[in-house]
Amino acid sequence: MNLLANLRHLRLSHVLFTVLVTAILLYLIIPVLIVVPMSFSEARFLQFPPKQWSFHWYEAFFNSVEWMSAARVSLITAFFTMAISLPIGMAAAYAINNSTLKVVRTLQIVLLLPMMVPIILIAAGVFFVYARVGLISTLTGLVLAHIMLALPYVIIALLAGLRNFDMSQEMVARSLGMNRFRAFMAVTLPQIKPSVVSATLFAFITSLDETVVALFISGGDNQTLTKRMFTALRDEIDPTIAAISSILILASLVLVVIAGRNKQG
Amino acid sequence: MSNAYLAKSLPDSSDHRPPPLANETALVREERKEHASMLLLLAPALVMVVVLLILPLCWLAFQSVQTEDGFSLANYLRIFNESIYWDTFALTFKISFLVTILSIVMGFPIAYAASRLHGFWANLVLICVILPFWTSVLVRSYAWLVLLQRRGLVNQTLMDLGIIDQPLNLMHNTTGTVIGTLHVMLPFMVLPLYAVMKKIPQDLMQASESLGAKPFYTFRRVFLPMAAPGVMAGSILVFVICLGFFITPELLGGGRTILVSMLVQRNVELYHAWGAASAVGLVLLFVVFLIFWGINRFIPIERILGAR
């Protein structure tokens with residue numbers, strides 16, 4: 001309860017405030033933490049705390065062809081989404097940052113649309129188009145849709161870096177004879193590295209996390225982990241999900257640490 | 001930013017200007033080339049968004065007014081005439097509003113604590129916000145399914161404490177939807193609020209107090225007005241995301257609390273009723289755009305979205 005002990009006087013209002021803040025923080029963090037011990041439970045029925053401990057659900061996950069295939073599809077999709085959205089987003093962010101054209105501000109809003117349009121509507125629209133061009137249940141279709149969804153996050157992250165960078169440095173390199181691309185790669189890129197790292201993380205996580213569009217357009221052998229988890233949660237709660245969730249929580253913890261380091265570095 | 005410089009150094013185009021000098025034409029040509037190359041750099045991203053988002057939306061708009069007998073607004077009229085549709089919209093707004101209010105009430109103290117604490121304690125508060133934020137929404141919905149079930153931890157704790165005799169129905173209803181949705185939305189409120197509060201100088205509060213203001217008066221007249229843009233940005237973000245939220249309400253509502261997003265999904269996947277799905281979705285989109293357009297005058301959209 002000494003959360004706010006560094007405040008000058010510990011008055012009653014401070015105590016009440018501390019209790020309130022602690023309660024809200026518990027509400028936020030308990031659902032994330034509770035999944036981990038549950039994943040080591042032996043029981044088929046969800047209970048907390050578990051009566052017996054085992055790796056049963058981890059074995060179930062790693063031995064299941066379906067879950068493994070879904071995990072592979074998700075990772076491959078996330079990787080390609082990241083690899084393609086990064087250069088596309090970088091080109092766009094560079095243009096937004098450097099252009100003096102008025103129309104660019106409007107175009108910037110257009111590029112942010114995937115964040116503004118309700119995801120369910122995006123999913124319905126993409127499904128409608130894919131059904132006509134035969135991209136339903138394909139990796140290509142999934143990657144393309146995820147690139148579109150990841151672009152705003154990539155662009156926002158990169159713009160944050162570019163806005164704090166003094167572009168005249170790149171001009172100097174160009175005036176000394178480098179072409180623009182080489183000047184960008186040699187001078188600008190190394191200096192906006194933290195924002196590139198966060199853009200990469202955003203692209204990867206956006207794809208890995210994306211559920212609604214995948215629900216509509218992925219299927220057959222190309223189902224994503226999120227689609228399989230969603231269906232499993234809706235139909236009958238399979239404790240294997242506790243194991244998968246724990247792995248995903250570990251992954252987010254790693255990402256938070258990377259992001260934290262990245263900010264300081 | 002040599003371009004801005006070039007553009008400014010060029011004389012205004014007017015009728016009685018002398019014939020352009022050779023290097024002036026070269027400069028103009030250079031500027032055009034620069035504009036063209038910038039637009040070229042934007043092109044790949046724009047193509048992605050136009051082909052995979054804007055064209056499909058136009059297609060849906062076309063579907064929504066198209067019936068077997070040609071043009072018709074029947075799909076839109078249904079939203080106002082059929083109570084299922086109207087009630088769903090009303091419920092979606094009610095839940096979104098409730099979640100927004102709750103996330104202000106709960107997010108404000110958290111952001112305040114994080115912005116006023118230092119070192120370990122500030123990091124602890126932020127981690128409790130950021131770790132859930134980065135954790136998959138599916139994982140969190142799963143956790144709430146476990147916590148809120150009849151024999152779940154929440155019911156058990158409440159019964160052990162003697163607060164209730166019978167387990168409460170906490171999920172597969174609106175209560176579950178609100179609890180789960182709020183958990184997803186709270187970080188979207190706390191993070192922009194924290195960013196704003198962190199920038200409020202402590203000196204101002206001290207100045208106010210040294211001039212004789214009571215702490216609450218200082219809070220209300222100095223701190224609150226400066227934190228207001230953060231509250232506004234967070235609220236807009238939360239409200240708009242709530243309006244179209246699907247995953248958590250679907251899982252925790254258990255098919256009993258139907259929101260607009262589910263109406264779209266069911267019309268597409270179960271009934272293949274593209275007209276109805278499109279109309280419902282586009283009304284939702286219209287509302288979202290209206291909100292963004294309205295707020296854009298006070299806070300630029302990019303700022304709100306960049307809060308993530």
# chains A, B, ... in the order shown; residues from 1 in each chain; ligands from 1

$ interface_residues --of "chain B" --to "chain A" --cutoff "7 Å" --atoms "only C-alpha atoms" --output "PyMOL selection string"
chain B and resi 1+4+35+38+41-42+44-46+48-49+52-53+56-57+60+106+109-110+121+128-129+131-132+134-136+138-140+143-144+146+152-153+183+244+251+261+281+285+306

$ write_last_selection --atoms "C-alpha atoms" --output "PDB file, in the first residue's frame"
ATOM      1  CA  MET B   1      13.100  20.784 -47.075  1.00  0.00           C
ATOM      2  CA  ALA B   4       9.685  24.780 -49.469  1.00  0.00           C
ATOM      3  CA  HIS B  35       6.210  16.490 -56.462  1.00  0.00           C
ATOM      4  CA  MET B  38       6.766  12.099 -53.765  1.00  0.00           C
ATOM      5  CA  LEU B  41       6.451   7.031 -53.249  1.00  0.00           C
ATOM      6  CA  LEU B  42       2.918   7.296 -51.858  1.00  0.00           C
ATOM      7  CA  PRO B  44       2.040   1.634 -53.401  1.00  0.00           C
ATOM      8  CA  ALA B  45       0.435   2.350 -50.021  1.00  0.00           C
ATOM      9  CA  LEU B  46      -2.438   4.212 -51.656  1.00  0.00           C
ATOM     10  CA  MET B  48      -3.326  -1.089 -51.206  1.00  0.00           C
ATOM     11  CA  VAL B  49      -5.858   1.051 -49.357  1.00  0.00           C
ATOM     12  CA  LEU B  52      -8.625  -3.422 -50.534  1.00  0.00           C
ATOM     13  CA  LEU B  53     -10.651  -0.843 -48.637  1.00  0.00           C
ATOM     14  CA  PRO B  56     -14.825  -2.789 -51.510  1.00  0.00           C
ATOM     15  CA  LEU B  57     -16.677  -0.112 -49.509  1.00  0.00           C
ATOM     16  CA  LEU B  60     -20.902  -2.596 -50.465  1.00  0.00           C
ATOM     17  CA  MET B 106     -11.244   4.328 -14.220  1.00  0.00           C
ATOM     18  CA  PRO B 109      -6.868   7.911 -11.690  1.00  0.00           C
ATOM     19  CA  ILE B 110      -4.520   5.409 -13.347  1.00  0.00           C
ATOM     20  CA  TRP B 121       6.156   2.690  -9.120  1.00  0.00           C
ATOM     21  CA  CYS B 128      -0.185  -3.051 -15.724  1.00  0.00           C
ATOM     22  CA  VAL B 129      -1.665  -0.988 -18.569  1.00  0.00           C
ATOM     23  CA  LEU B 131       0.956  -5.647 -20.873  1.00  0.00           C
ATOM     24  CA  PRO B 132      -2.814  -6.186 -21.321  1.00  0.00           C
ATOM     25  CA  TRP B 134      -0.181  -5.856 -26.080  1.00  0.00           C
ATOM     26  CA  THR B 135      -1.899  -9.119 -25.168  1.00  0.00           C
ATOM     27  CA  SER B 136      -4.226 -10.608 -27.777  1.00  0.00           C
ATOM     28  CA  LEU B 138      -8.715 -13.350 -27.759  1.00  0.00           C
ATOM     29  CA  VAL B 139      -6.499 -14.308 -24.845  1.00  0.00           C
ATOM     30  CA  ARG B 140      -8.137 -11.682 -22.662  1.00  0.00           C
ATOM     31  CA  ALA B 143      -9.446 -15.185 -19.382  1.00  0.00           C
ATOM     32  CA  TRP B 144     -12.726 -13.355 -18.722  1.00  0.00           C
ATOM     33  CA  VAL B 146     -12.876 -18.360 -17.125  1.00  0.00           C
ATOM     34  CA  GLY B 152     -15.406 -18.903 -11.748  1.00  0.00           C
ATOM     35  CA  LEU B 153     -13.018 -16.998  -9.549  1.00  0.00           C
ATOM     36  CA  HIS B 183     -10.871  -4.241 -20.181  1.00  0.00           C
ATOM     37  CA  GLY B 244     -17.598  -1.563 -34.226  1.00  0.00           C
ATOM     38  CA  LEU B 251     -17.498 -14.247 -27.019  1.00  0.00           C
ATOM     39  CA  SER B 261     -20.920  -5.683 -35.704  1.00  0.00           C
ATOM     40  CA  GLY B 281     -22.304  -1.504 -41.906  1.00  0.00           C
ATOM     41  CA  LEU B 285     -19.420   3.851 -40.908  1.00  0.00           C
ATOM     42  CA  GLY B 306      -1.359   8.553 -33.244  1.00  0.00           C
TER      43      GLY B 306
END

$ atom_distance --atom1 "atom CA of B:Tyr194" --atom2 "atom CA of B:Ala111"
4.7 Å

$ select_by_dssp --residues "stretch 23-262 of chain B" --states "helix (DSSP H, G or I)" --output "number ranges by chain"
B: 23-64, 74-81, 83-116, 119-134, 137-148, 153-160, 174-198, 202-210, 215-243, 247-253, 260-262

$ closest_residue --among "A:Leu225, A:Ala243, A:Val254, A:Met178" --to "A:Tyr58" --atoms "only C-alpha atoms"
A:Ala243

$ residues_around --residues "stretch 215-225 of chain B" --least-positions-apart "4" --cutoff "12 Å" --atoms "only C-alpha atoms" --output "number ranges by chain"
A: 13; B: 108, 112, 193, 196-211, 229-232

$ write_last_selection --atoms "C-alpha atoms" --output "short mmCIF file (atom, residue, chain, number, x, y, z; two decimals), in the first residue's frame"
data_model
loop_
_atom_site.label_atom_id
_atom_site.label_comp_id
_atom_site.auth_asym_id
_atom_site.auth_seq_id
_atom_site.Cartn_x
_atom_site.Cartn_y
_atom_site.Cartn_z
CA SER A 13 -7.72 10.76 0.62
CA PHE B 108 -8.19 9.05 -15.10
CA TYR B 112 -2.84 10.52 -12.96
CA LEU B 193 -4.34 10.66 -20.98
CA VAL B 196 -1.06 14.66 -21.87
CA MET B 197 -0.74 14.59 -18.07
CA LYS B 198 2.98 13.88 -18.23
CA LYS B 199 3.44 17.19 -20.04
CA ILE B 200 1.59 19.26 -17.42
CA PRO B 201 4.33 21.01 -15.41
CA GLN B 202 4.24 20.35 -11.67
CA ASP B 203 5.27 24.02 -11.15
CA LEU B 204 1.82 25.21 -12.19
CA MET B 205 0.16 23.27 -9.41
CA GLN B 206 2.71 24.54 -6.91
CA ALA B 207 2.22 28.10 -8.16
CA SER B 208 -1.52 27.76 -7.70
CA GLU B 209 -1.12 26.36 -4.19
CA SER B 210 1.40 29.01 -3.21
CA LEU B 211 -1.18 31.61 -4.21
CA PRO B 229 -7.65 17.27 -24.56
CA GLY B 230 -6.38 13.88 -23.40
CA VAL B 231 -9.82 12.95 -22.05
CA MET B 232 -11.37 14.03 -25.34
#

$ atom_distance --atom1 "atom CA of B:Ile291" --atom2 "atom CA of B:Ile54"
19.1 Å

$ residues_around --residues "stretch 188-198 of chain A" --least-positions-apart "2" --cutoff "6 Å" --atoms "only C-alpha atoms" --output "MDAnalysis selection string"
chainID A and resid 157:158 161 184:185 200:201 262

$ residues_around --residues "B:Thr67" --least-positions-apart "6" --cutoff "12 Å" --atoms "only C-alpha atoms" --output "PyMOL selection string"
chain B and resi 73-76+273-276

$ write_last_selection --atoms "N, CA and C atoms" --output "tab-separated table (two decimals), in the first residue's frame"
chain	number	residue	atom	x	y	z
B	73	LEU	N	-34.28	1.63	-51.33
B	73	LEU	CA	-33.72	1.99	-50.03
B	73	LEU	C	-34.23	1.07	-48.93
B	74	ALA	N	-34.83	-0.06	-49.35
B	74	ALA	CA	-35.45	-0.96	-48.39
B	74	ALA	C	-34.49	-1.38	-47.28
B	75	ASN	N	-33.23	-1.63	-47.65
B	75	ASN	CA	-32.27	-2.08	-46.65
B	75	ASN	C	-32.03	-1.03	-45.56
B	76	TYR	N	-32.12	0.23	-45.95
B	76	TYR	CA	-31.92	1.30	-44.96
B	76	TYR	C	-33.19	1.51	-44.14
B	273	ALA	N	-26.99	-12.25	-46.73
B	273	ALA	CA	-27.82	-11.09	-47.07
B	273	ALA	C	-26.90	-9.88	-47.19
B	274	TRP	N	-26.27	-9.75	-48.36
B	274	TRP	CA	-25.28	-8.69	-48.54
B	274	TRP	C	-25.90	-7.31	-48.45
B	275	GLY	N	-27.09	-7.16	-48.97
B	275	GLY	CA	-27.75	-5.86	-48.93
B	275	GLY	C	-27.94	-5.37	-47.51
B	276	ALA	N	-28.50	-6.25	-46.67
B	276	ALA	CA	-28.76	-5.88	-45.28
B	276	ALA	C	-27.45	-5.61	-44.55

$ atom_distance --atom1 "atom CA of A:Ala83" --atom2 "atom CA of A:Phe204"
8.9 Å

$ decode --residues "stretch 48-74 of chain A" --atoms "N, CA and C atoms" --output "tab-separated table (two decimals), in the first residue's frame"
chain	number	residue	atom	x	y	z
A	48	PHE	N	-9.73	-22.49	-11.03
A	48	PHE	CA	-8.59	-21.77	-10.49
A	48	PHE	C	-8.72	-21.73	-8.98
A	49	PRO	N	-7.70	-22.02	-8.19
A	49	PRO	CA	-6.40	-22.52	-8.69
A	49	PRO	C	-6.48	-23.99	-9.10
A	50	PRO	N	-5.62	-24.44	-9.99
A	50	PRO	CA	-5.66	-25.82	-10.45
A	50	PRO	C	-5.34	-26.79	-9.31
A	51	LYS	N	-5.95	-27.98	-9.34
A	51	LYS	CA	-5.71	-28.95	-8.26
A	51	LYS	C	-4.45	-29.75	-8.51
A	52	GLN	N	-4.22	-30.07	-9.78
A	52	GLN	CA	-3.01	-30.82	-10.12
A	52	GLN	C	-2.30	-30.14	-11.27
A	53	TRP	N	-0.99	-30.23	-11.26
A	53	TRP	CA	-0.23	-29.52	-12.29
A	53	TRP	C	0.28	-30.48	-13.36
A	54	SER	N	0.32	-30.00	-14.61
A	54	SER	CA	0.89	-30.83	-15.68
A	54	SER	C	1.14	-30.00	-16.93
A	55	PHE	N	1.85	-30.59	-17.86
A	55	PHE	CA	2.11	-29.93	-19.14
A	55	PHE	C	1.14	-30.42	-20.21
A	56	HIS	N	0.06	-31.07	-19.74
A	56	HIS	CA	-0.90	-31.72	-20.62
A	56	HIS	C	-1.32	-30.86	-21.81
A	57	TRP	N	-1.70	-29.60	-21.54
A	57	TRP	CA	-2.28	-28.76	-22.60
A	57	TRP	C	-1.22	-28.24	-23.55
A	58	TYR	N	0.02	-28.15	-23.04
A	58	TYR	CA	1.11	-27.78	-23.95
A	58	TYR	C	1.38	-28.92	-24.92
A	59	GLU	N	1.36	-30.17	-24.39
A	59	GLU	CA	1.52	-31.33	-25.26
A	59	GLU	C	0.40	-31.37	-26.29
A	60	ALA	N	-0.81	-31.11	-25.82
A	60	ALA	CA	-1.97	-31.14	-26.74
A	60	ALA	C	-1.77	-30.14	-27.88
A	61	PHE	N	-1.22	-28.98	-27.53
A	61	PHE	CA	-0.99	-27.95	-28.55
A	61	PHE	C	0.10	-28.38	-29.53
A	62	PHE	N	1.26	-28.77	-28.98
A	62	PHE	CA	2.39	-29.05	-29.87
A	62	PHE	C	2.23	-30.36	-30.64
A	63	ASN	N	1.33	-31.25	-30.15
A	63	ASN	CA	1.12	-32.50	-30.88
A	63	ASN	C	-0.05	-32.44	-31.85
A	64	SER	N	-0.77	-31.33	-31.85
A	64	SER	CA	-1.94	-31.25	-32.71
A	64	SER	C	-1.55	-30.70	-34.08
A	65	VAL	N	-1.89	-31.48	-35.12
A	65	VAL	CA	-1.57	-31.04	-36.48
A	65	VAL	C	-2.29	-29.74	-36.80
A	66	GLU	N	-3.56	-29.66	-36.39
A	66	GLU	CA	-4.35	-28.47	-36.72
A	66	GLU	C	-3.80	-27.21	-36.06
A	67	TRP	N	-3.53	-27.31	-34.75
A	67	TRP	CA	-3.01	-26.12	-34.05
A	67	TRP	C	-1.66	-25.70	-34.60
A	68	MET	N	-0.81	-26.69	-34.88
A	68	MET	CA	0.53	-26.38	-35.39
A	68	MET	C	0.44	-25.71	-36.77
A	69	SER	N	-0.45	-26.25	-37.60
A	69	SER	CA	-0.61	-25.66	-38.93
A	69	SER	C	-1.12	-24.23	-38.82
A	70	ALA	N	-2.07	-24.02	-37.89
A	70	ALA	CA	-2.61	-22.67	-37.70
A	70	ALA	C	-1.53	-21.71	-37.22
A	71	ALA	N	-0.69	-22.20	-36.29
A	71	ALA	CA	0.39	-21.35	-35.78
A	71	ALA	C	1.35	-21.00	-36.91
A	72	ARG	N	1.64	-21.99	-37.78
A	72	ARG	CA	2.55	-21.74	-38.88
A	72	ARG	C	1.98	-20.69	-39.84
A	73	VAL	N	0.69	-20.86	-40.18
A	73	VAL	CA	0.04	-19.90	-41.08
A	73	VAL	C	0.13	-18.49	-40.50
A	74	SER	N	-0.15	-18.36	-39.20
A	74	SER	CA	-0.12	-17.03	-38.56
A	74	SER	C	1.27	-16.43	-38.61
